[in-house]
>>> print(open('start26.cif').read())   # mmCIF, C-alpha atoms
data_protein
#
loop_
_atom_site.group_PDB
_atom_site.id
_atom_site.type_symbol
_atom_site.label_atom_id
_atom_site.label_comp_id
_atom_site.auth_asym_id
_atom_site.auth_seq_id
_atom_site.Cartn_x
_atom_site.Cartn_y
_atom_site.Cartn_z
ATOM 1 C CA LYS A 282 48.589 25.594 -39.388
ATOM 2 C CA GLY A 283 46.772 22.548 -40.549
ATOM 3 C CA GLY A 284 46.739 18.896 -41.350
ATOM 4 C CA TRP A 285 44.083 16.237 -41.434
ATOM 5 C CA THR A 286 43.868 15.929 -37.644
ATOM 6 C CA THR A 287 43.308 19.645 -37.227
ATOM 7 C CA THR A 288 40.678 19.667 -39.962
ATOM 8 C CA LYS A 289 38.851 16.701 -38.434
ATOM 9 C CA VAL A 290 38.791 18.344 -34.997
ATOM 10 C CA LEU A 291 37.317 21.557 -36.334
ATOM 11 C CA ALA A 292 35.013 19.769 -38.750
ATOM 12 C CA GLY A 293 33.398 18.061 -35.768
ATOM 13 C CA LEU A 294 32.840 21.463 -34.198
ATOM 14 C CA ALA A 295 31.882 23.260 -37.417
ATOM 15 C CA VAL A 296 28.116 22.869 -37.350
ATOM 16 C CA PRO A 297 27.614 23.934 -33.720
ATOM 17 C CA LEU A 298 30.161 26.744 -34.039
ATOM 18 C CA ILE A 299 28.647 28.235 -37.165
ATOM 19 C CA ILE A 300 25.267 28.650 -35.495
ATOM 20 C CA VAL A 301 26.502 29.619 -32.024
ATOM 21 C CA VAL A 302 25.783 33.327 -32.292
ATOM 22 C CA ALA A 303 22.172 32.776 -33.297
ATOM 23 C CA VAL A 304 21.613 29.964 -30.820
ATOM 24 C CA LEU A 305 23.269 31.847 -27.984
ATOM 25 C CA ALA A 306 21.211 34.933 -28.690
ATOM 26 C CA VAL A 307 17.959 33.000 -28.939
ATOM 27 C CA LEU A 308 18.630 31.154 -25.701
ATOM 28 C CA LEU A 309 19.623 34.345 -23.936
ATOM 29 C CA THR A 310 16.676 36.332 -25.154
ATOM 30 C CA GLN A 311 14.247 33.438 -24.596
ATOM 31 C CA GLY A 312 12.075 34.837 -27.382
ATOM 32 C CA GLY A 313 8.906 36.832 -26.723
ATOM 33 C CA SER A 314 8.110 38.453 -23.391
ATOM 34 C CA GLY A 315 10.655 38.409 -20.607
ATOM 35 C CA SER A 316 13.559 38.517 -23.060
ATOM 36 C CA LEU A 317 16.819 40.265 -22.284
ATOM 37 C CA SER A 318 17.407 43.675 -23.789
ATOM 38 C CA ASP A 319 20.209 44.143 -26.291
ATOM 39 C CA GLN A 320 22.145 46.025 -23.597
ATOM 40 C CA ALA A 321 21.716 43.142 -21.125
ATOM 41 C CA ILE A 322 23.070 40.714 -23.726
ATOM 42 C CA VAL A 323 26.069 42.977 -24.385
ATOM 43 C CA ASN A 324 26.684 43.259 -20.632
ATOM 44 C CA LYS A 325 26.453 39.489 -20.132
ATOM 45 C CA TRP A 326 28.403 38.206 -23.170
ATOM 46 C CA GLY A 327 30.515 41.178 -24.267
ATOM 47 C CA LYS A 328 33.389 39.982 -22.080
ATOM 48 C CA SER A 329 33.455 36.714 -24.024
ATOM 49 C CA THR A 330 33.642 38.499 -27.380
ATOM 50 C CA LEU A 331 37.154 39.466 -28.467
ATOM 51 C CA GLN A 332 38.812 41.409 -31.238
ATOM 52 C CA VAL A 333 41.333 39.310 -33.182
ATOM 53 C CA LYS A 334 44.195 41.048 -34.991
ATOM 54 C CA THR A 335 46.486 39.386 -37.532
ATOM 55 C CA SER A 336 49.907 40.788 -38.383
ATOM 56 C CA SER A 337 53.008 39.857 -40.311
ATOM 57 C CA GLY A 338 56.379 41.498 -39.770
ATOM 58 C CA GLY A 339 54.779 44.001 -37.401
ATOM 59 C CA THR A 340 52.234 45.172 -40.002
ATOM 60 C CA LEU A 341 48.567 44.777 -39.108
ATOM 61 C CA LEU A 342 46.828 42.924 -41.935
ATOM 62 C CA GLU A 343 43.379 41.903 -40.700
ATOM 63 C CA THR A 344 40.987 42.332 -37.808
ATOM 64 C CA GLY A 345 37.941 40.319 -36.854
ATOM 65 C CA THR A 346 35.943 38.816 -34.012
ATOM 66 C CA GLY A 347 36.523 35.793 -31.824
ATOM 67 C CA TRP A 348 34.747 34.346 -28.814
ATOM 68 C CA VAL A 349 35.886 32.399 -25.783
ATOM 69 C CA TYR A 350 35.166 28.731 -26.415
ATOM 70 C CA ASP A 351 36.969 27.215 -23.409
ATOM 71 C CA SER A 352 38.540 29.542 -20.826
ATOM 72 C CA GLY A 353 40.153 26.647 -18.900
ATOM 73 C CA ASN A 354 42.006 25.442 -21.994
ATOM 74 C CA LYS A 355 42.495 29.052 -23.152
ATOM 75 C CA LEU A 356 40.760 28.590 -26.512
ATOM 76 C CA VAL A 357 39.171 31.239 -28.726
ATOM 77 C CA VAL A 358 37.210 30.562 -31.938
ATOM 78 C CA THR A 359 37.495 32.946 -34.882
ATOM 79 C CA ASN A 360 37.150 32.824 -38.662
ATOM 80 C CA PHE A 361 39.913 31.329 -40.776
ATOM 81 C CA HIS A 362 39.878 34.319 -43.129
ATOM 82 C CA VAL A 363 40.823 36.544 -40.172
ATOM 83 C CA ILE A 364 44.028 34.620 -39.360
ATOM 84 C CA ASP A 365 45.007 33.340 -42.813
ATOM 85 C CA SER A 366 46.995 36.338 -44.040
ATOM 86 C CA GLY A 367 49.558 36.571 -41.227
ATOM 87 C CA ASN A 368 51.742 34.804 -38.693
ATOM 88 C CA GLN A 369 51.314 36.913 -35.547
ATOM 89 C CA TYR A 370 48.010 37.069 -33.689
ATOM 90 C CA THR A 371 46.601 39.052 -30.787
ATOM 91 C CA VAL A 372 43.226 38.974 -29.071
ATOM 92 C CA GLY A 373 41.698 41.494 -26.709
ATOM 93 C CA GLN A 374 39.009 44.031 -26.037
ATOM 94 C CA GLY A 375 39.555 47.656 -26.922
ATOM 95 C CA VAL A 376 43.100 48.750 -26.110
ATOM 96 C CA GLY A 377 44.515 45.701 -24.259
ATOM 97 C CA SER A 378 45.552 42.557 -26.086
ATOM 98 C CA GLU A 379 47.473 39.314 -25.647
ATOM 99 C CA SER A 380 49.417 37.233 -28.134
ATOM 100 C CA ALA A 381 47.792 34.060 -29.435
ATOM 101 C CA ASN A 382 48.797 30.988 -31.427
ATOM 102 C CA VAL A 383 46.802 29.093 -34.035
ATOM 103 C CA VAL A 384 46.203 25.544 -32.787
ATOM 104 C CA ALA A 385 43.699 24.390 -35.421
ATOM 105 C CA ALA A 386 42.332 25.664 -38.705
ATOM 106 C CA ALA A 387 39.600 24.528 -41.085
ATOM 107 C CA PRO A 388 39.734 26.763 -44.171
ATOM 108 C CA CYS A 389 36.747 25.125 -45.888
ATOM 109 C CA ASP A 390 34.575 25.842 -42.832
ATOM 110 C CA ASP A 391 36.160 29.294 -42.311
ATOM 111 C CA LEU A 392 37.034 28.414 -38.702
ATOM 112 C CA ALA A 393 40.183 28.730 -36.630
ATOM 113 C CA LEU A 394 41.023 27.936 -33.025
ATOM 114 C CA LEU A 395 43.489 30.149 -31.142
ATOM 115 C CA LYS A 396 45.234 29.505 -27.837
ATOM 116 C CA VAL A 397 45.701 32.545 -25.612
ATOM 117 C CA PRO A 398 48.037 32.511 -22.579
ATOM 118 C CA ASP A 399 45.448 33.801 -20.092
ATOM 119 C CA LEU A 400 41.689 33.600 -20.463
ATOM 120 C CA THR A 401 40.818 32.561 -16.931
ATOM 121 C CA ALA A 402 39.028 35.840 -16.153
ATOM 122 C CA LEU A 403 36.796 35.608 -19.227
ATOM 123 C CA PRO A 404 33.675 33.415 -19.293
ATOM 124 C CA ALA A 405 33.247 30.877 -22.093
ATOM 125 C CA VAL A 406 30.278 31.305 -24.404
ATOM 126 C CA THR A 407 27.508 28.831 -23.623
ATOM 127 C CA LEU A 408 26.691 26.778 -26.702
ATOM 128 C CA GLY A 409 23.085 26.035 -27.438
ATOM 129 C CA SER A 410 21.290 23.684 -29.773
ATOM 130 C CA GLN A 411 19.956 24.324 -33.235
ATOM 131 C CA ALA A 412 16.868 22.380 -32.127
ATOM 132 C CA ASN A 413 15.878 25.442 -30.062
ATOM 133 C CA LEU A 414 15.850 27.788 -33.076
ATOM 134 C CA HIS A 415 12.603 28.796 -34.740
ATOM 135 C CA LEU A 416 11.883 30.891 -37.790
ATOM 136 C CA GLY A 417 11.398 34.488 -36.659
ATOM 137 C CA ASP A 418 13.226 34.155 -33.300
ATOM 138 C CA ARG A 419 14.978 37.341 -32.251
ATOM 139 C CA LEU A 420 18.778 37.256 -32.072
ATOM 140 C CA VAL A 421 21.653 39.580 -31.274
ATOM 141 C CA ALA A 422 25.091 39.296 -32.882
ATOM 142 C CA LEU A 423 28.127 40.736 -31.068
ATOM 143 C CA GLY A 424 31.460 41.518 -32.665
ATOM 144 C CA TYR A 425 34.150 43.822 -33.911
ATOM 145 C CA ALA A 426 32.912 44.297 -37.474
ATOM 146 C CA GLY A 427 34.948 45.842 -40.232
ATOM 147 C CA LEU A 428 38.618 46.407 -40.793
ATOM 148 C CA ASN A 429 39.768 49.063 -38.344
ATOM 149 C CA PHE A 430 43.463 49.588 -37.703
ATOM 150 C CA THR A 431 43.076 51.658 -34.549
ATOM 151 C CA ASN A 432 43.273 50.365 -30.993
ATOM 152 C CA GLN A 433 39.934 51.969 -30.092
ATOM 153 C CA VAL A 434 37.494 49.612 -31.815
ATOM 154 C CA PRO A 435 34.238 49.369 -29.877
ATOM 155 C CA LEU A 436 32.268 46.181 -29.447
ATOM 156 C CA GLN A 437 29.270 46.326 -31.767
ATOM 157 C CA ALA A 438 25.850 44.705 -31.459
ATOM 158 C CA THR A 439 23.184 44.242 -34.067
ATOM 159 C CA ASP A 440 19.850 42.524 -33.771
ATOM 160 C CA GLY A 441 17.720 40.657 -36.228
ATOM 161 C CA VAL A 442 15.619 37.553 -36.646
ATOM 162 C CA VAL A 443 16.306 33.977 -37.674
ATOM 163 C CA SER A 444 15.434 33.836 -41.376
ATOM 164 C CA VAL A 445 16.416 30.198 -42.023
ATOM 165 C CA VAL A 446 16.554 27.558 -39.293
ATOM 166 C CA ARG A 447 18.363 24.785 -41.138
ATOM 167 C CA THR A 448 20.186 24.886 -44.423
ATOM 168 C CA ALA A 449 22.583 22.636 -46.298
ATOM 169 C CA ASP A 450 25.152 23.235 -49.001
ATOM 170 C CA GLN A 451 24.303 21.700 -52.327
ATOM 171 C CA LEU A 452 27.525 20.354 -53.810
#
>>> encode(input="start26.cif", output="structure tokens")
Amino acid sequence: KGGWTTTKVLAGLAVPLIIVVAVLAVLLTQGGSGSLSDQAIVNKWGKSTLQVKTSSGGTLLETGTGWVYDSGNKLVVTNFHVIDSGNQYTVGQGVGSESANVVAAAPCDDLALLKVPDLTALPAVTLGSQANLHLGDRLVALGYAGLNFTNQVPLQATDGVVSVVRTADQL
């Protein structure tokens, strides 16, 4: 699941990936007048947002959210804590799902990269830039929140505002 090469690859992606939901939402809503409604954002990017399920020995252990990073290379980004507890992974929306394999993991950044056999029909999330974020910008987060062991988990959306534009860990 890991190694220095894997950690370096994800570490290089960590900063842009951590802020992608806020940046994506800000860019999509364009702030202020003329912004997309929450429903329009769900309609546009809901297909790129996937439920990730982690199992071991056929027992479901964890669920979470992932998003299509690169449909051509069949890559999905999720949180490390979602995949850490098991050895079998599936991604999907609602009832349907496909198996996935962990190709990279960065536990310290709470990121994991999954490879899924077929993502060609799903659009990749467009990454934005933190430079476009401003204090108070409206954002919408999409996901499959909470631990739910049924196959009928709906995509959820919640809106809010950017409360901190840039922050750094103090070690």
>>> residues_around(input="start26.cif", residues="region 345-349 of chain A", least_positions_apart="4", cutoff="6 Å", atoms="all atoms listed in the file", output="PDB file with C-alpha atoms, in the coordinates of the input")
ATOM      1  CA  SER A 329      33.455  36.714 -24.024  1.00  0.00           C
ATOM      2  CA  THR A 330      33.642  38.499 -27.380  1.00  0.00           C
ATOM      3  CA  LEU A 331      37.154  39.466 -28.467  1.00  0.00           C
ATOM      4  CA  GLN A 332      38.812  41.409 -31.238  1.00  0.00           C
ATOM      5  CA  VAL A 333      41.333  39.310 -33.182  1.00  0.00           C
ATOM      6  CA  VAL A 357      39.171  31.239 -28.726  1.00  0.00           C
ATOM      7  CA  VAL A 358      37.210  30.562 -31.938  1.00  0.00           C
ATOM      8  CA  THR A 359      37.495  32.946 -34.882  1.00  0.00           C
ATOM      9  CA  VAL A 363      40.823  36.544 -40.172  1.00  0.00           C
ATOM     10  CA  ALA A 405      33.247  30.877 -22.093  1.00  0.00           C
ATOM     11  CA  VAL A 406      30.278  31.305 -24.404  1.00  0.00           C
ATOM     12  CA  GLY A 424      31.460  41.518 -32.665  1.00  0.00           C
ATOM     13  CA  TYR A 425      34.150  43.822 -33.911  1.00  0.00           C
TER      14      TYR A 425
END
>>> axis_aligned_box(input="start26.cif", around="region 337-341 of chain A", padding_each_side="8 Å", output="lines of an AutoDock Vina configuration file")
center_x = 52.5
center_y = 42.5
center_z = -38.9
size_x = 23.8
size_y = 21.3
size_z = 18.9
>>> atom_distance(input="start26.cif", atom1="CA of Asp418 (chain A)", atom2="CA of Val443 (chain A)")
5.4 Å
>>> atom_distance(input="start26.cif", atom1="CA of Gln411 (chain A)", atom2="CA of Lys396 (chain A)")
26.4 Å
>>> atom_distance(input="start26.cif", atom1="CA of Pro404 (chain A)", atom2="CA of Lys328 (chain A)")
7.1 Å
>>> closest_residue(input="start26.cif", among="A:Ala381, A:Val446, A:Ala426, A:Leu408", to="Ala393 (chain A)", atoms="only C-alpha atoms")
A:Ala381
>>> resolve_selection(input="start26.cif", expression="the PyMOL selection byres ((chain A and resi 395) around 6)", output="mmCIF file with C-alpha atoms, in the frame of the given file")
data_model
loop_
_atom_site.group_PDB
_atom_site.id
_atom_site.type_symbol
_atom_site.label_atom_id
_atom_site.label_comp_id
_atom_site.auth_asym_id
_atom_site.auth_seq_id
_atom_site.Cartn_x
_atom_site.Cartn_y
_atom_site.Cartn_z
ATOM 1 C CA LEU A 356 40.760 28.590 -26.512
ATOM 2 C CA VAL A 357 39.171 31.239 -28.726
ATOM 3 C CA ASN A 382 48.797 30.988 -31.427
ATOM 4 C CA VAL A 383 46.802 29.093 -34.035
ATOM 5 C CA VAL A 384 46.203 25.544 -32.787
ATOM 6 C CA LEU A 394 41.023 27.936 -33.025
ATOM 7 C CA LYS A 396 45.234 29.505 -27.837
#
>>> closest_residue(input="start26.cif", among="A:Ser378, A:Ser316, A:Val323, A:Ser337", to="Thr439 (chain A)", atoms="only C-alpha atoms")
A:Val323
>>> closest_residue(input="start26.cif", among="A:Asn360, A:Gln369, A:Thr407, A:Gln320", to="Thr340 (chain A)", atoms="all atoms listed in the file")
A:Gln369
>>> closest_residue(input="start26.cif", among="A:Val397, A:Leu403, A:Ala438, A:Leu341", to="Leu420 (chain A)", atoms="all atoms listed in the file")
A:Ala438
>>> resolve_selection(input="start26.cif", expression="the PyMOL selection byres ((chain A and resi 319) around 12)", output="list of chain:residue names")
A:Ala306, A:Val307, A:Leu309, A:Thr310, A:Ser316, A:Leu317, A:Ser318, A:Gln320, A:Ala321, A:Ile322, A:Val323, A:Asn324, A:Lys325, A:Trp326, A:Gly327, A:Arg419, A:Leu420, A:Val421, A:Ala422, A:Leu423, A:Gln437, A:Ala438, A:Thr439, A:Asp440, A:Gly441
>>> resolve_selection(input="start26.cif", expression="the PyMOL selection byres ((chain A and resi 352) around 6)", output="PyMOL selection string")
chain A and resi 351+353-355+400-401+405
>>> residues_around(input="start26.cif", residues="Gly339 (chain A)", least_positions_apart="4", cutoff="10 Å", atoms="all atoms listed in the file", output="PDB file with C-alpha atoms, in the frame of the given file")
ATOM      1  CA  THR A 335      46.486  39.386 -37.532  1.00  0.00           C
ATOM      2  CA  GLY A 367      49.558  36.571 -41.227  1.00  0.00           C
ATOM      3  CA  ASN A 368      51.742  34.804 -38.693  1.00  0.00           C
ATOM      4  CA  GLN A 369      51.314  36.913 -35.547  1.00  0.00           C
TER       5      GLN A 369
END
